[in-house]
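Just my_file.tsv here, TSV, C-alpha atoms:
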```
chain	number	residue	atom	x	y	z
S	1	MET	CA	11.47	-1.29	16.10
S	2	ASN	CA	11.91	-5.03	16.08
S	3	ILE	CA	11.57	-6.29	12.52
S	4	ASP	CA	12.23	-10.00	13.18
S	5	LYS	CA	8.58	-10.92	12.64
S	6	PHE	CA	8.29	-9.19	9.28
S	7	LYS	CA	8.07	-11.37	6.18
S	8	PRO	CA	8.19	-10.13	2.56
S	9	GLN	CA	4.80	-10.57	0.90
S	10	THR	CA	5.48	-8.63	-2.26
S	11	VAL	CA	8.88	-8.59	-3.98
S	12	TYR	CA	9.70	-6.76	-7.21
S	13	THR	CA	13.10	-6.85	-8.89
S	14	ILE	CA	14.16	-4.56	-11.71
S	15	TYR	CA	17.51	-4.09	-13.44
S	16	ILE	CA	18.60	-0.58	-14.37
S	17	ALA	CA	21.46	0.78	-16.49
S	18	SER	CA	22.74	3.07	-13.75
S	19	THR	CA	24.98	3.16	-10.69
S	20	PRO	CA	24.04	2.25	-7.10
S	21	GLU	CA	24.64	5.86	-6.04
S	22	LYS	CA	22.24	7.22	-8.68
S	23	VAL	CA	19.58	4.66	-7.77
S	24	TRP	CA	19.97	5.61	-4.11
S	25	GLU	CA	19.57	9.28	-5.05
S	26	ALA	CA	16.44	8.48	-7.05
S	27	LEU	CA	14.91	6.66	-4.07
S	28	THR	CA	15.71	9.36	-1.53
S	29	SER	CA	15.46	12.71	-3.29
S	30	ALA	CA	12.21	14.68	-3.17
S	31	GLU	CA	12.78	16.28	-6.55
S	32	PHE	CA	13.70	13.01	-8.25
S	33	SER	CA	10.91	10.98	-6.67
S	34	ARG	CA	8.25	13.41	-7.92
S	35	LYS	CA	9.16	12.37	-11.46
S	36	TYR	CA	8.37	8.67	-11.10
S	37	PHE	CA	6.24	8.27	-7.94
S	38	PHE	CA	2.89	9.57	-9.24
S	39	GLY	CA	4.07	13.10	-8.38
S	40	ASN	CA	4.63	12.16	-4.72
S	41	SER	CA	7.79	13.33	-3.02
S	42	VAL	CA	10.03	11.41	-0.64
S	43	GLU	CA	11.56	13.22	2.34
S	44	ILE	CA	14.06	11.26	4.37
S	45	GLU	CA	16.57	11.79	7.15
S	46	GLN	CA	19.31	9.41	6.10
S	47	ARG	CA	20.11	7.83	9.46
S	48	VAL	CA	18.65	4.98	11.47
S	49	GLY	CA	15.72	6.36	13.45
S	50	GLY	CA	15.31	9.28	11.05
S	51	ALA	CA	11.96	10.23	9.56
S	52	TYR	CA	10.69	8.89	6.23
S	53	ILE	CA	7.81	10.79	4.68
S	54	VAL	CA	5.99	10.70	1.35
S	55	ARG	CA	3.87	13.72	0.42
S	56	THR	CA	1.21	13.86	-2.27
S	57	PRO	CA	1.63	16.49	-5.03
S	58	ASP	CA	-0.46	18.97	-2.97
S	59	GLY	CA	1.90	18.57	-0.01
S	60	ALA	CA	-0.36	16.42	2.17
S	61	LEU	CA	1.17	13.68	4.28
S	62	HIS	CA	0.57	10.36	2.49
S	63	ILE	CA	3.04	7.95	4.05
S	64	SER	CA	5.01	8.31	7.23
S	65	GLY	CA	7.66	6.05	8.63
S	66	GLU	CA	11.01	5.63	10.23
S	67	VAL	CA	14.38	4.66	8.81
S	68	ILE	CA	15.24	1.18	10.08
S	69	GLU	CA	18.40	0.53	8.06
S	70	CYS	CA	20.44	3.01	6.07
S	71	ASP	CA	23.51	1.62	4.31
S	72	ARG	CA	24.11	4.00	1.41
S	73	PRO	CA	24.12	3.01	-1.44
S	74	ARG	CA	23.32	-0.66	-0.75
S	75	LYS	CA	20.31	-1.03	1.49
S	76	LEU	CA	17.51	1.18	2.71
S	77	SER	CA	14.78	-0.11	4.97
S	78	VAL	CA	11.92	2.09	6.14
S	79	THR	CA	8.52	1.71	7.71
S	80	PHE	CA	6.02	2.82	5.13
S	81	ASN	CA	2.68	3.53	6.70
S	82	VAL	CA	-0.13	4.97	4.66
S	83	ASN	CA	-1.70	7.75	6.64
S	84	TRP	CA	-5.26	6.44	6.83
S	85	PRO	CA	-6.90	6.17	10.24
S	86	ALA	CA	-7.23	2.64	11.61
S	87	LEU	CA	-4.98	1.13	8.94
S	88	ILE	CA	-2.03	0.44	11.24
S	89	GLU	CA	-4.20	-0.79	14.11
S	90	LYS	CA	-5.85	-3.38	11.89
S	91	LEU	CA	-3.05	-4.37	9.52
S	92	GLY	CA	0.13	-3.50	11.40
S	93	PRO	CA	3.02	-1.51	9.99
S	94	THR	CA	4.48	-1.98	6.52
S	95	LEU	CA	8.22	-2.37	6.06
S	96	VAL	CA	9.73	-1.49	2.68
S	97	THR	CA	13.30	-2.51	1.90
S	98	TYR	CA	15.30	-1.54	-1.16
S	99	ALA	CA	18.38	-3.63	-1.89
S	100	ILE	CA	20.73	-2.14	-4.48
S	101	GLU	CA	23.44	-4.28	-6.09
S	102	GLN	CA	25.85	-3.67	-8.91
S	103	VAL	CA	25.66	-6.53	-11.45
S	104	GLY	CA	27.93	-6.13	-14.44
S	105	GLU	CA	27.18	-2.71	-15.89
S	106	ALA	CA	23.70	-2.61	-14.40
S	107	VAL	CA	22.08	-2.28	-11.01
S	108	ARG	CA	19.68	-4.80	-9.54
S	109	LEU	CA	17.06	-3.05	-7.43
S	110	THR	CA	14.94	-5.35	-5.27
S	111	MET	CA	11.96	-3.90	-3.44
S	112	SER	CA	10.42	-6.01	-0.68
S	113	GLU	CA	7.21	-5.10	1.07
S	114	ALA	CA	7.06	-6.95	4.38
S	115	HIS	CA	4.41	-7.23	7.06
S	116	ASP	CA	4.35	-8.63	10.58
S	117	ARG	CA	1.26	-10.77	9.85
S	118	PRO	CA	-0.08	-12.52	6.76
S	119	LEU	CA	-2.27	-10.20	4.68
S	120	SER	CA	-4.77	-11.21	2.02
S	121	ASP	CA	-4.06	-10.91	-1.70
S	122	ASP	CA	-6.87	-8.33	-1.77
S	123	ILE	CA	-5.06	-6.07	0.70
S	124	LEU	CA	-1.70	-6.65	-0.98
S	125	SER	CA	-3.13	-5.87	-4.43
S	126	GLY	CA	-2.70	-2.13	-3.87
S	127	GLY	CA	1.07	-2.40	-3.58
S	128	ARG	CA	1.23	-5.04	-6.29
S	129	GLN	CA	-0.54	-2.63	-8.64
S	130	GLY	CA	1.58	0.38	-7.69
S	131	TRP	CA	5.15	-0.91	-7.39
S	132	PRO	CA	5.61	-2.09	-11.00
S	133	ALA	CA	4.44	1.30	-12.29
S	134	ILE	CA	6.60	3.28	-9.85
S	135	LEU	CA	9.74	1.23	-10.42
S	136	SER	CA	9.25	0.96	-14.21
S	137	SER	CA	9.10	4.74	-14.31
S	138	LEU	CA	12.11	5.12	-12.03
S	139	LYS	CA	14.08	2.93	-14.44
S	140	SER	CA	12.97	4.98	-17.44
S	141	VAL	CA	13.97	8.28	-15.78
S	142	LEU	CA	17.43	6.95	-14.94
S	143	GLU	CA	17.99	5.42	-18.37
S	144	THR	CA	16.35	7.90	-20.73
S	145	GLY	CA	15.80	11.02	-18.62
S	146	LYS	CA	12.09	10.72	-19.30
S	147	PRO	CA	9.61	9.43	-16.74
S	148	LEU	CA	6.65	7.33	-17.82
S	149	VAL	CA	3.20	8.78	-17.52
S	150	VAL	CA	1.41	5.84	-15.94
S	151	LYS	CA	-2.19	6.85	-15.44
S	152	MET	CA	-3.68	4.70	-12.76
S	153	GLY	CA	-6.99	4.80	-10.95
S	154	PRO	CA	-7.33	4.14	-7.24
S	155	PRO	CA	-6.57	0.54	-6.19
S	156	GLN	CA	-10.23	-0.50	-6.04
S	157	ARG	CA	-9.69	-4.09	-4.98
S	158	MET	CA	-7.59	-3.05	-2.00
S	159	LEU	CA	-9.93	-0.19	-1.04
S	160	ALA	CA	-12.90	-2.57	-1.03
S	161	ALA	CA	-10.97	-5.00	1.19
S	162	LEU	CA	-10.08	-2.18	3.60
S	163	ARG	CA	-13.70	-1.05	3.76
S	164	ASP	CA	-14.72	-4.62	4.58
S	165	LEU	CA	-12.32	-4.45	7.55
S	166	GLY	CA	-13.91	-1.22	8.71
S	167	ILE	CA	-10.93	0.91	7.72
S	168	ALA	CA	-12.03	4.33	6.45
S	169	THR	CA	-10.45	5.29	3.13
S	170	PRO	CA	-10.38	8.67	1.39
V	1	MET	CA	-2.13	-19.94	-0.16
V	2	SER	CA	-2.27	-19.30	-3.89
V	3	LYS	CA	-0.78	-21.74	-6.41
V	4	PRO	CA	2.92	-21.28	-7.08
V	5	GLU	CA	3.26	-18.99	-10.06
V	6	PHE	CA	5.39	-16.08	-11.13
V	7	VAL	CA	3.82	-12.80	-12.24
V	8	TYR	CA	5.76	-9.80	-13.48
V	9	VAL	CA	4.35	-6.50	-14.68
V	10	THR	CA	6.27	-3.72	-16.37
V	11	TYR	CA	5.34	-0.57	-18.26
V	12	ILE	CA	7.21	0.20	-21.46
V	13	LYS	CA	7.24	3.30	-23.63
V	14	THR	CA	6.59	1.54	-26.92
V	15	LYS	CA	3.78	0.33	-29.17
V	16	PRO	CA	2.12	-3.09	-28.78
V	17	GLU	CA	3.21	-4.09	-32.29
V	18	ARG	CA	6.86	-3.33	-31.56
V	19	LEU	CA	6.74	-5.17	-28.24
V	20	TRP	CA	5.16	-8.16	-29.99
V	21	GLU	CA	8.00	-8.08	-32.49
V	22	ALA	CA	10.52	-8.03	-29.64
V	23	LEU	CA	8.85	-11.03	-27.97
V	24	THR	CA	8.82	-13.09	-31.15
V	25	SER	CA	11.94	-12.17	-33.09
V	26	SER	CA	15.47	-13.52	-32.58
V	27	GLU	CA	16.93	-10.26	-33.79
V	28	PHE	CA	15.57	-8.65	-30.62
V	29	SER	CA	15.79	-11.62	-28.28
V	30	ARG	CA	19.49	-12.22	-28.90
V	31	ARG	CA	20.11	-8.76	-27.50
V	32	TYR	CA	17.92	-8.75	-24.37
V	33	TRP	CA	17.56	-12.50	-23.60
V	34	PHE	CA	21.17	-13.48	-22.92
V	35	GLY	CA	21.86	-14.47	-26.51
V	36	THR	CA	18.72	-16.60	-26.81
V	37	GLU	CA	17.13	-17.23	-30.20
V	38	LEU	CA	13.41	-17.88	-30.59
V	39	ARG	CA	12.50	-20.76	-32.90
V	40	SER	CA	8.84	-20.75	-33.84
V	41	ASP	CA	6.44	-19.43	-36.44
V	42	PHE	CA	4.25	-18.28	-33.52
V	43	LYS	CA	1.06	-19.88	-34.74
V	44	ALA	CA	-1.22	-21.75	-32.33
V	45	GLY	CA	-0.20	-25.41	-32.28
V	46	SER	CA	3.30	-24.80	-33.64
V	47	PRO	CA	6.45	-25.92	-31.83
V	48	PHE	CA	8.45	-23.38	-29.88
V	49	ALA	CA	12.06	-23.45	-28.70
V	50	LEU	CA	14.58	-21.22	-27.00
V	51	VAL	CA	18.01	-21.85	-28.48
V	52	VAL	CA	21.39	-20.73	-27.12
V	53	ASP	CA	24.56	-21.47	-29.09
V	54	GLY	CA	22.62	-23.96	-31.22
V	55	LYS	CA	21.30	-25.88	-28.19
V	56	ALA	CA	17.63	-25.92	-27.21
V	57	THR	CA	17.42	-24.80	-23.59
V	58	ASP	CA	13.62	-24.80	-23.37
V	59	THR	CA	10.88	-26.15	-25.63
V	60	GLY	CA	7.12	-26.01	-25.91
V	61	GLU	CA	4.12	-25.42	-28.09
V	62	ILE	CA	2.35	-22.18	-28.97
V	63	LEU	CA	-1.04	-22.08	-27.26
V	64	GLU	CA	-2.29	-18.62	-28.24
V	65	ALA	CA	-0.93	-16.04	-30.64
V	66	ASP	CA	-3.29	-13.09	-30.79
V	67	ARG	CA	-1.00	-10.44	-32.25
V	68	PRO	CA	-0.33	-7.92	-30.67
V	69	ARG	CA	-2.38	-8.67	-27.56
V	70	ARG	CA	-1.61	-12.07	-26.12
V	71	LEU	CA	1.00	-14.76	-26.59
V	72	SER	CA	1.20	-17.98	-24.64
V	73	TYR	CA	3.19	-21.17	-24.91
V	74	THR	CA	4.01	-24.25	-22.93
V	75	PHE	CA	7.50	-24.16	-21.49
V	76	LYS	CA	9.64	-27.12	-20.55
V	77	HIS	CA	13.27	-26.83	-19.55
V	78	GLU	CA	15.62	-29.21	-21.39
V	79	LEU	CA	19.20	-28.84	-20.09
V	80	ASP	CA	19.14	-29.35	-16.34
V	81	ASP	CA	18.15	-32.93	-15.40
V	82	GLU	CA	16.06	-32.02	-12.37
V	83	MET	CA	14.22	-29.21	-14.14
V	84	ARG	CA	13.55	-31.35	-17.20
V	85	LYS	CA	11.76	-33.90	-15.03
V	86	GLU	CA	9.37	-31.22	-13.78
V	87	GLY	CA	7.49	-31.27	-17.06
V	88	ALA	CA	5.77	-28.50	-18.98
V	89	THR	CA	4.72	-25.17	-17.48
V	90	LYS	CA	2.86	-22.31	-19.15
V	91	VAL	CA	4.07	-18.83	-20.08
V	92	ALA	CA	1.63	-16.09	-21.06
V	93	PHE	CA	2.33	-12.50	-22.12
V	94	THR	CA	-0.45	-9.93	-22.16
V	95	LEU	CA	0.20	-6.61	-23.95
V	96	LYS	CA	-2.21	-3.84	-23.04
V	97	PRO	CA	-2.07	-0.25	-24.31
V	98	HIS	CA	-1.88	2.10	-21.32
V	99	GLY	CA	-1.91	5.74	-22.44
V	100	ASP	CA	1.23	6.12	-24.55
V	101	LEU	CA	2.73	3.05	-22.86
V	102	VAL	CA	2.23	-0.67	-23.00
V	103	LYS	CA	1.56	-2.63	-19.84
V	104	LEU	CA	3.26	-5.99	-20.21
V	105	THR	CA	2.13	-8.76	-17.88
V	106	LEU	CA	3.99	-12.04	-17.79
V	107	THR	CA	2.44	-15.00	-16.00
V	108	HIS	CA	4.41	-18.22	-15.66
V	109	GLU	CA	2.47	-21.02	-13.97
V	110	GLY	CA	1.98	-24.76	-13.62
V	111	PHE	CA	5.00	-25.57	-11.48
V	112	ALA	CA	5.66	-28.77	-9.60
V	113	LYS	CA	5.85	-28.67	-5.80
V	114	ASP	CA	9.23	-27.29	-4.60
V	115	SER	CA	10.04	-26.48	-8.21
V	116	LYS	CA	13.65	-25.73	-9.02
V	117	LEU	CA	12.47	-24.29	-12.32
V	118	LEU	CA	10.28	-21.75	-10.49
V	119	ASP	CA	13.31	-20.52	-8.57
V	120	GLY	CA	15.31	-20.21	-11.79
V	121	ILE	CA	12.70	-18.39	-13.84
V	122	SER	CA	11.89	-16.06	-10.91
V	123	LYS	CA	15.48	-14.85	-11.13
V	124	GLY	CA	15.61	-14.88	-14.92
V	125	TRP	CA	12.45	-13.05	-15.99
V	126	PRO	CA	13.08	-9.74	-14.17
V	127	ALA	CA	16.50	-9.47	-15.85
V	128	ILE	CA	15.17	-10.45	-19.29
V	129	LEU	CA	12.17	-8.12	-19.16
V	130	SER	CA	14.20	-5.24	-17.67
V	131	SER	CA	16.64	-5.60	-20.54
V	132	LEU	CA	13.78	-5.77	-23.06
V	133	LYS	CA	12.36	-2.52	-21.66
V	134	SER	CA	15.78	-0.84	-21.90
V	135	LEU	CA	16.23	-2.01	-25.48
V	136	LEU	CA	12.85	-0.66	-26.59
V	137	GLU	CA	13.16	2.64	-24.72
V	138	SER	CA	16.82	3.53	-25.08
V	139	GLY	CA	18.02	1.34	-27.94
V	140	ASP	CA	20.47	-0.50	-25.69
V	141	ALA	CA	19.92	-3.77	-23.87
V	142	LEU	CA	21.42	-4.19	-20.39
V	143	ALA	CA	24.84	-5.71	-19.84
V	144	ILE	CA	24.06	-8.18	-17.07
V	145	PRO	CA	26.33	-11.21	-16.67
V	146	LEU	CA	24.16	-14.35	-16.62
V	147	HIS	CA	26.01	-15.76	-13.59
V	148	ALA	CA	25.03	-12.67	-11.57
V	149	LEU	CA	21.41	-13.83	-11.52
V	150	GLY	CA	22.32	-16.51	-8.99
V	151	ILE	CA	20.44	-19.30	-10.75
V	152	GLU	CA	21.50	-22.70	-9.48
V	153	GLY	CA	23.37	-24.64	-12.16
V	154	VAL	CA	24.04	-21.58	-14.37
V	155	ALA	CA	27.72	-20.70	-14.34
```

Take the structure in this file and express it as structure tokens.
Amino acid sequence: MNIDKFKPQTVYTIYIASTPEKVWEALTSAEFSRKYFFGNSVEIEQRVGGAYIVRTPDGALHISGEVIECDRPRKLSVTFNVNWPALIEKLGPTLVTYAIEQVGEAVRLTMSEAHDRPLSDDILSGGRQGWPAILSSLKSVLETGKPLVVKMGPPQRMLAALRDLGIATP
Amino acid sequence: MSKPEFVYVTYIKTKPERLWEALTSSEFSRRYWFGTELRSDFKAGSPFALVVDGKATDTGEILEADRPRRLSYTFKHELDDEMRKEGATKVAFTLKPHGDLVKLTLTHEGFAKDSKLLDGISKGWPAILSSLKSLLESGDALAIPLHALGIEGVA
């Protein structure tokens, strides 16, 4: 897939007392991801062109994508498409990139959510609500062994914006 | 296009009162804010300053101090010539209980066009607030070298 047209529209940076290898593991392991990703699990084939999948706690397919860049433990780029009918046709694919850098005794993790067209703040609000909770919890698991229990309702503002575009939501 | 501003949200396993203490006390801030001391009595209308090695790096005035829910102050950079000319911006912290966590929202707004200060604080806040979270949850702040943030003019 050609990603030249994609521009980051949401960026979140967090620093973690950990190592790049452990952060990579946290981002790519099904068992680890369940702890911080609202119970969802990540399944990934760690090679360019490999599959990237996120399943909900009941095993249903939530997000499906493809590995675009895989430079362990520095950079992982995947398409990250929520499995709702009509979403991709209307909004295009989503590209999520994790950059992992050692800084002093910590790791800087930068998540960028990029799109191939400008999206409204309403549409982007779903990710902007979710990423800080997911990545705050990931940090807590790596640093203290204990995930955060972030109770969060559905992203209403985004869902309303999707409905307005005629995109069916669960 | 929305106005240039910086927003950062993080969830911390702590109590609002303890987080308020961390945001307003030099004992805490020295540890998570790159050695910065906070000079203010944190009452609306009072002066506010960030001080490193006895030098004020940033100054302002307390706008709101609704302990332990909301703290805001004006924020003007003092050291770098270009940034000083940009004038005062506004920092606001909102602390909201979220189950057994606190949702901390920082909003920093009021930047000049092509603001150099905006670039600097966008790199600074994630490191400061990540370190604050670590300190409150694990007892240890992060060891991040200031130069690693890549802020122009900060060696």

*What does the distance from atom CA of S:Leu91 to atom CA of S:Asn40 come to in Å, to one decimal?*
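Distance between the two atoms: 23.1 Å.
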
*asked:* Neighbouring residues of S:Ala99 were defined as those with any atom within 7 Å, considering only C-alpha atoms; residues of the same chain fewer than 3 positions away were excluded. Please report them as a list in words.
replied: Arg74, Lys75, Leu76, Leu109, Thr110 and Met111 of chain S

*Measure the distance from atom CA of S:Thr10 to atom CA of S:Ser112 in Å and round it to one decimal.*
5.8 Å

_as a VMD selection string, could you give me every residue of chain S near chain V (at most 7 Å apart, counting all atoms listed in the file)?_
chain S and resid 13 to 15 17 103 to 106 132 to 133 136 144

Residues from last step as file, C-alpha atoms, as a PDB file, keeping the file's coordinate frame:
```pdb
ATOM      1  CA  THR S  13      13.100  -6.850  -8.890  1.00  0.00           C
ATOM      2  CA  ILE S  14      14.160  -4.560 -11.710  1.00  0.00           C
ATOM      3  CA  TYR S  15      17.510  -4.090 -13.440  1.00  0.00           C
ATOM      4  CA  ALA S  17      21.460   0.780 -16.490  1.00  0.00           C
ATOM      5  CA  VAL S 103      25.660  -6.530 -11.450  1.00  0.00           C
ATOM      6  CA  GLY S 104      27.930  -6.130 -14.440  1.00  0.00           C
ATOM      7  CA  GLU S 105      27.180  -2.710 -15.890  1.00  0.00           C
ATOM      8  CA  ALA S 106      23.700  -2.610 -14.400  1.00  0.00           C
ATOM      9  CA  PRO S 132       5.610  -2.090 -11.000  1.00  0.00           C
ATOM     10  CA  ALA S 133       4.440   1.300 -12.290  1.00  0.00           C
ATOM     11  CA  SER S 136       9.250   0.960 -14.210  1.00  0.00           C
ATOM     12  CA  THR S 144      16.350   7.900 -20.730  1.00  0.00           C
TER      13      THR S 144
END
```

*Hey, which of S:Asn81, S:Thr97, S:Gln9, S:Gln46 ends up closest to S:Pro118? Count all atoms listed in the file.*
S:Gln9

*Pull the neighbourhood of (5.3, -11.1, -29.6) for me: all residues within 10 Å in file coordinates, counting only C-alpha atoms, as a PyMOL selection string.*
chain V and resi 16-25+42+65-72+93-95

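Restricting the calculation to all atoms listed in the file, the smallest distance between S:Leu87 and any of S:Met158, S:Val11, S:Ala60, S:Ile3 is found for S:Met158.
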
*Work out how far apart atom CA of S:Ala161 and atom CA of S:Ile134 are and give it in Å to one decimal.*
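Calculated distance between atom CA of S:Ala161 and atom CA of S:Ile134 is 22.3 Å.
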
Assuming the input is short of atoms at stretch 13-39 of chain S, produce N, CA and C atoms for that part as a PDB file, in the coordinates of the input.
```pdb
ATOM      1  N   THR S  13      11.704  -7.061  -8.510  1.00  0.00           N
ATOM      2  CA  THR S  13      13.100  -6.850  -8.890  1.00  0.00           C
ATOM      3  C   THR S  13      13.162  -6.221 -10.264  1.00  0.00           C
ATOM      4  N   ILE S  14      14.002  -5.207 -10.411  1.00  0.00           N
ATOM      5  CA  ILE S  14      14.160  -4.560 -11.710  1.00  0.00           C
ATOM      6  C   ILE S  14      15.642  -4.229 -11.900  1.00  0.00           C
ATOM      7  N   TYR S  15      16.112  -4.380 -13.122  1.00  0.00           N
ATOM      8  CA  TYR S  15      17.510  -4.090 -13.440  1.00  0.00           C
ATOM      9  C   TYR S  15      17.566  -2.766 -14.202  1.00  0.00           C
ATOM     10  N   ILE S  16      18.540  -1.934 -13.848  1.00  0.00           N
ATOM     11  CA  ILE S  16      18.600  -0.580 -14.370  1.00  0.00           C
ATOM     12  C   ILE S  16      20.019  -0.274 -14.840  1.00  0.00           C
ATOM     13  N   ALA S  17      20.145   0.329 -16.028  1.00  0.00           N
ATOM     14  CA  ALA S  17      21.460   0.780 -16.490  1.00  0.00           C
ATOM     15  C   ALA S  17      21.782   2.068 -15.739  1.00  0.00           C
ATOM     16  N   SER S  18      22.456   1.923 -14.602  1.00  0.00           N
ATOM     17  CA  SER S  18      22.740   3.070 -13.750  1.00  0.00           C
ATOM     18  C   SER S  18      23.820   2.674 -12.754  1.00  0.00           C
ATOM     19  N   THR S  19      24.043   3.503 -11.755  1.00  0.00           N
ATOM     20  CA  THR S  19      24.980   3.160 -10.690  1.00  0.00           C
ATOM     21  C   THR S  19      24.208   3.084  -9.373  1.00  0.00           C
ATOM     22  N   PRO S  20      24.721   2.323  -8.386  1.00  0.00           N
ATOM     23  CA  PRO S  20      24.040   2.250  -7.100  1.00  0.00           C
ATOM     24  C   PRO S  20      23.803   3.639  -6.493  1.00  0.00           C
ATOM     25  N   GLU S  21      24.772   4.522  -6.618  1.00  0.00           N
ATOM     26  CA  GLU S  21      24.640   5.860  -6.040  1.00  0.00           C
ATOM     27  C   GLU S  21      23.489   6.638  -6.686  1.00  0.00           C
ATOM     28  N   LYS S  22      23.342   6.514  -8.001  1.00  0.00           N
ATOM     29  CA  LYS S  22      22.240   7.220  -8.680  1.00  0.00           C
ATOM     30  C   LYS S  22      20.878   6.620  -8.323  1.00  0.00           C
ATOM     31  N   VAL S  23      20.834   5.297  -8.169  1.00  0.00           N
ATOM     32  CA  VAL S  23      19.580   4.660  -7.770  1.00  0.00           C
ATOM     33  C   VAL S  23      19.212   5.099  -6.356  1.00  0.00           C
ATOM     34  N   TRP S  24      20.209   5.143  -5.489  1.00  0.00           N
ATOM     35  CA  TRP S  24      19.970   5.610  -4.110  1.00  0.00           C
ATOM     36  C   TRP S  24      19.393   7.028  -4.138  1.00  0.00           C
ATOM     37  N   GLU S  25      20.015   7.884  -4.928  1.00  0.00           N
ATOM     38  CA  GLU S  25      19.570   9.280  -5.050  1.00  0.00           C
ATOM     39  C   GLU S  25      18.112   9.328  -5.526  1.00  0.00           C
ATOM     40  N   ALA S  26      17.802   8.490  -6.514  1.00  0.00           N
ATOM     41  CA  ALA S  26      16.440   8.480  -7.050  1.00  0.00           C
ATOM     42  C   ALA S  26      15.419   8.069  -5.986  1.00  0.00           C
ATOM     43  N   LEU S  27      15.834   7.159  -5.102  1.00  0.00           N
ATOM     44  CA  LEU S  27      14.910   6.660  -4.070  1.00  0.00           C
ATOM     45  C   LEU S  27      14.745   7.618  -2.900  1.00  0.00           C
ATOM     46  N   THR S  28      15.691   8.551  -2.750  1.00  0.00           N
ATOM     47  CA  THR S  28      15.710   9.360  -1.530  1.00  0.00           C
ATOM     48  C   THR S  28      15.571  10.860  -1.780  1.00  0.00           C
ATOM     49  N   SER S  29      15.547  11.273  -3.039  1.00  0.00           N
ATOM     50  CA  SER S  29      15.460  12.710  -3.290  1.00  0.00           C
ATOM     51  C   SER S  29      14.032  13.125  -3.603  1.00  0.00           C
ATOM     52  N   ALA S  30      13.584  14.201  -2.971  1.00  0.00           N
ATOM     53  CA  ALA S  30      12.210  14.680  -3.170  1.00  0.00           C
ATOM     54  C   ALA S  30      11.994  15.063  -4.635  1.00  0.00           C
ATOM     55  N   GLU S  31      12.935  15.801  -5.182  1.00  0.00           N
ATOM     56  CA  GLU S  31      12.780  16.280  -6.550  1.00  0.00           C
ATOM     57  C   GLU S  31      12.741  15.108  -7.538  1.00  0.00           C
ATOM     58  N   PHE S  32      13.640  14.156  -7.338  1.00  0.00           N
ATOM     59  CA  PHE S  32      13.700  13.010  -8.250  1.00  0.00           C
ATOM     60  C   PHE S  32      12.450  12.135  -8.108  1.00  0.00           C
ATOM     61  N   SER S  33      12.028  11.898  -6.875  1.00  0.00           N
ATOM     62  CA  SER S  33      10.910  10.980  -6.670  1.00  0.00           C
ATOM     63  C   SER S  33       9.622  11.508  -7.288  1.00  0.00           C
ATOM     64  N   ARG S  34       9.460  12.835  -7.304  1.00  0.00           N
ATOM     65  CA  ARG S  34       8.250  13.410  -7.920  1.00  0.00           C
ATOM     66  C   ARG S  34       8.090  12.980  -9.379  1.00  0.00           C
ATOM     67  N   LYS S  35       9.219  12.716 -10.037  1.00  0.00           N
ATOM     68  CA  LYS S  35       9.160  12.370 -11.460  1.00  0.00           C
ATOM     69  C   LYS S  35       8.571  10.982 -11.718  1.00  0.00           C
ATOM     70  N   TYR S  36       8.775  10.056 -10.795  1.00  0.00           N
ATOM     71  CA  TYR S  36       8.370   8.670 -11.100  1.00  0.00           C
ATOM     72  C   TYR S  36       7.334   8.115 -10.123  1.00  0.00           C
ATOM     73  N   PHE S  37       7.057   8.829  -9.024  1.00  0.00           N
ATOM     74  CA  PHE S  37       6.240   8.270  -7.940  1.00  0.00           C
ATOM     75  C   PHE S  37       4.865   8.933  -7.942  1.00  0.00           C
ATOM     76  N   PHE S  38       4.213   8.949  -9.096  1.00  0.00           N
ATOM     77  CA  PHE S  38       2.890   9.570  -9.240  1.00  0.00           C
ATOM     78  C   PHE S  38       2.878  11.005  -8.705  1.00  0.00           C
ATOM     79  N   GLY S  39       3.994  11.707  -8.850  1.00  0.00           N
ATOM     80  CA  GLY S  39       4.070  13.100  -8.380  1.00  0.00           C
ATOM     81  C   GLY S  39       4.292  13.234  -6.881  1.00  0.00           C
TER      82      GLY S  39
END
```
